[in-house]
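K.L.:
Just dropping this structure here.
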Amino acid sequence: MLALSLAVLASLAGSAVAHGGLANYTVGDTWYRGYDPDEDPAEQLGQAWMIQRQWASINPIFDVLDPFLACNNPGTPPPSYIPIRAGDNITAVYWYWLHPVGPMTVWLAACGDSCINVDPATVQWFKIWEAGLLSGNVPEGMWYQKQFQNWDGSPDLWPVTIPLNLKPGLYMIRHEILSIHIENKPQFYPECAHLNVSGTGHDYPPEDHLKTFPGAYSPFDPSINIDIYTDEMKNTTTYEIPGGPIWDGFAIRDKYCLGC
Ligand SMILES: [Cu+2]
């Protein structure tokens with residue numbers, strides 16, 4: 001697999017259309033294979049091991065109002081769930097990632113009795129994690145999107161903690177990379193998996209954290225419809241990540257627990 005990823009990287013590194021996507025997940029020592037757009041769909045769709053919604057190609061979505069912005073196109077649901085305890089990490093695994101600029105976000109949506117019949121475009125999503133510009137200026141600074149890349153052929157790893165206080169249940173998890181290296185032409189790379197969250201929490205985010213995709217983003221958002229190559233951007237060292245505030249399950253506790 002390592003040799004394959006090196007070959008893929010070598011073949012794509014010089015290409016102008018070098019996109020990508022979320023290939024696998026790990027929880028603890030357990031590896032969960034995701035959908036692979038380079039493999040035969042018939043050998044993946046409906047398989048008992050499948051935990052990720054189908055993304056048919058590595059190409060980005062360009063329109064914030066695209067009906068498949070939630071879980072990519074076509075987003076066909078898997079039969080299975082990744083089991084995880086609230087408070088544990090899930091790590092998204094990319095074989096390679098080449099774009100350097102733009103924010104990365106992770107979202108959850110409660111499914112109710114099953115995630116299989118849930119339409120990702122109508123459920124309520126809440127953001128649990130985000131990272132954008134870490135240092136420097138907008139066009140040339142260090143973004144998380146650049147920092148998480150590996151150029152030695154090893155996979156790019158994106159670990160995120162499921163909020164400890166989250167009430168147990170079936171959830172979709174949505175990872176989104178937004179790449180803004182082409183002026184006024186944002187590229188969205190969303191992938192979704194199904195989670196079975198256990199634990200003893202009983203919290204759920206307030207109404208103002210709940211969003212839909214499409215719906216969460218405006219086409220006029222200055223963080224989305226952006227030209228990063230202006231003189232102004234060279235002198236800008238902050239970037240507001242779109243989609244509103246994160247909910248990590250700790251906000252309420254921290255209010256009453258200063259310094260703990
Ligand atoms: Cu690309």
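Scheme for the structure tokens: letters A, B, ... for chains in order shown; per-chain residue numbers from 1; ligand numbers from 1 in order shown.
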Can you list, as a list of chain:residue names, every protein, DNA or RNA residue that comes within 6 Å of range 77-90 of chain A when you count only C-alpha atoms, leaving out same-chain residues fewer than 3 positions away?

P.N.:
A:Thr26, A:Val27, A:Gly46, A:Met50, A:Ile51, A:Gln52, A:Arg53, A:Ile116, A:Pro159, A:Val160, A:Thr161, A:Ile162, A:Pro163, A:Leu164, A:His194, A:Leu195, A:Asn196, A:Val197, A:Ser198, A:Gly199

K.L.:
12 Å from ligand 1 is the threshold here; counting only C-alpha atoms and all ligand atoms, which polymer residues fall inside it? Answer as a PyMOL selection string.

P.N.:
chain A and resi 12-21+57-62+96-101+177-182+185-189

K.L.:
Between A:Trp95, A:Trp247, A:Trp31, A:Trp55, single out the one closest to Asp203 in chain A, counting only C-alpha atoms.

P.N.:
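Ranking A:Trp95, A:Trp247, A:Trp31, A:Trp55 by distance to Asp203 in chain A, first place goes to A:Trp247.
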
K.L.:
Using only C-alpha atoms for the distances, tell me which of A:Ala70, A:Val138, A:Ala92, A:Met233 is nearest to Pro155 in chain A.

P.N.:
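The closest residue to Pro155 in chain A is A:Ala92.
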
K.L.:
If I take CA of Asn72 in chain A and CA of Pro214 in chain A, how far is one from the other in Å, to one decimal?

P.N.:
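About the pair CA of Asn72 in chain A and CA of Pro214 in chain A: they are 11.2 Å apart.
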
K.L.:
Return as a tab-separated table the residues of range 101-131 of chain A lying at most 12 Å from range 165-168 of chain A, together with the closest atom-to-atom pair for each and the distance in Å to one decimal, counting only C-alpha atoms, with rows in chain order and ascending residue number.

P.N.:
```
residue	atom	partner	partner_atom	distance
A:Leu108	CA	A:Leu166	CA	10.4
A:Ala109	CA	A:Leu166	CA	11.4
A:Ala110	CA	A:Pro168	CA	9.6
A:Cys111	CA	A:Pro168	CA	11.2
A:Gly112	CA	A:Pro168	CA	10.7
A:Asp113	CA	A:Pro168	CA	11.9
A:Phe126	CA	A:Leu166	CA	11.7
A:Ile128	CA	A:Leu166	CA	10.5
```

K.L.:
With distances taken over only C-alpha atoms, which residue among A:Glu191, A:Tyr144, A:His175, A:Asp152 lies nearest Gln54 in chain A?

P.N.:
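Comparing A:Glu191, A:Tyr144, A:His175, A:Asp152 against Gln54 in chain A, the winner is A:Glu191.
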
K.L.:
Pick the closest to Val106 in chain A from A:Val118, A:Arg174, A:Pro205, A:Leu133: which is it, counting only C-alpha atoms?

P.N.:
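Of A:Val118, A:Arg174, A:Pro205, A:Leu133, the one nearest Val106 in chain A is A:Arg174, counting only C-alpha atoms.
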
K.L.:
Between A:Pro120, A:Gly215, A:Gly132, A:Pro206, which residue has the minimum interatomic distance to Val64 in chain A, considering only C-alpha atoms?

P.N.:
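Smallest distance to Val64 in chain A is found for A:Gly215.
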
K.L.:
As a PyMOL selection string, please: every residue in range 120-184 of chain A that a backbone DSSP assignment puts in strand (DSSP E or B).

P.N.:
chain A and resi 125-131+133-135+142-143+156-161+166+169-179

K.L.:
Kindly save the residues from that selection, with C-alpha atoms included, as an mmCIF file, in the first residue's frame.

P.N.:
```
data_model
loop_
_atom_site.group_PDB
_atom_site.id
_atom_site.type_symbol
_atom_site.label_atom_id
_atom_site.label_comp_id
_atom_site.auth_asym_id
_atom_site.auth_seq_id
_atom_site.Cartn_x
_atom_site.Cartn_y
_atom_site.Cartn_z
ATOM 1 C CA TRP A 125 -24.892 19.449 11.117
ATOM 2 C CA PHE A 126 -22.728 20.915 13.871
ATOM 3 C CA LYS A 127 -19.049 21.709 13.650
ATOM 4 C CA ILE A 128 -16.819 19.958 16.202
ATOM 5 C CA TRP A 129 -13.361 20.880 14.907
ATOM 6 C CA GLU A 130 -11.664 23.420 12.697
ATOM 7 C CA ALA A 131 -8.205 24.582 11.707
ATOM 8 C CA LEU A 133 -4.211 29.654 9.041
ATOM 9 C CA LEU A 134 -1.710 28.725 11.764
ATOM 10 C CA SER A 135 0.960 31.371 11.163
ATOM 11 C CA MET A 142 1.407 27.851 7.279
ATOM 12 C CA TRP A 143 -2.078 26.405 7.104
ATOM 13 C CA ASP A 156 -1.615 12.273 5.843
ATOM 14 C CA LEU A 157 -3.360 11.890 9.207
ATOM 15 C CA TRP A 158 -6.117 14.127 10.580
ATOM 16 C CA PRO A 159 -7.070 13.201 14.168
ATOM 17 C CA VAL A 160 -10.179 14.622 15.800
ATOM 18 C CA THR A 161 -11.781 13.956 19.199
ATOM 19 C CA LEU A 166 -21.927 14.121 23.321
ATOM 20 C CA GLY A 169 -26.274 7.530 19.196
ATOM 21 C CA LEU A 170 -25.849 7.118 15.465
ATOM 22 C CA TYR A 171 -24.138 10.022 13.750
ATOM 23 C CA MET A 172 -22.677 10.975 10.421
ATOM 24 C CA ILE A 173 -19.222 12.492 10.519
ATOM 25 C CA ARG A 174 -18.306 14.918 7.777
ATOM 26 C CA HIS A 175 -14.732 15.951 7.009
ATOM 27 C CA GLU A 176 -14.342 18.923 4.722
ATOM 28 C CA ILE A 177 -11.228 20.392 3.170
ATOM 29 C CA LEU A 178 -11.810 23.771 1.526
ATOM 30 C CA SER A 179 -9.012 24.718 -0.867
#
```

K.L.:
Contacts of Tyr25 in chain A at 6 Å or less, counting only C-alpha atoms, minus same-chain residues fewer than 4 places along, as a PyMOL selection string?

P.N.:
chain A and resi 32+91-93

K.L.:
Measuring between only C-alpha atoms, which one of A:Pro74, A:Gly201, A:Gly102, A:Gly244 shows the shortest distance to Gly141 in chain A?

P.N.:
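Ranked by minimum distance to Gly141 in chain A, first place goes to A:Gly102.
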
K.L.:
Which parts of range 202-259 of chain A does DSSP call helix (DSSP H, G or I) when run on the backbone here, written out as an NGL selection string?

P.N.:
:A and (207-209 or 231-234 or 251-255)
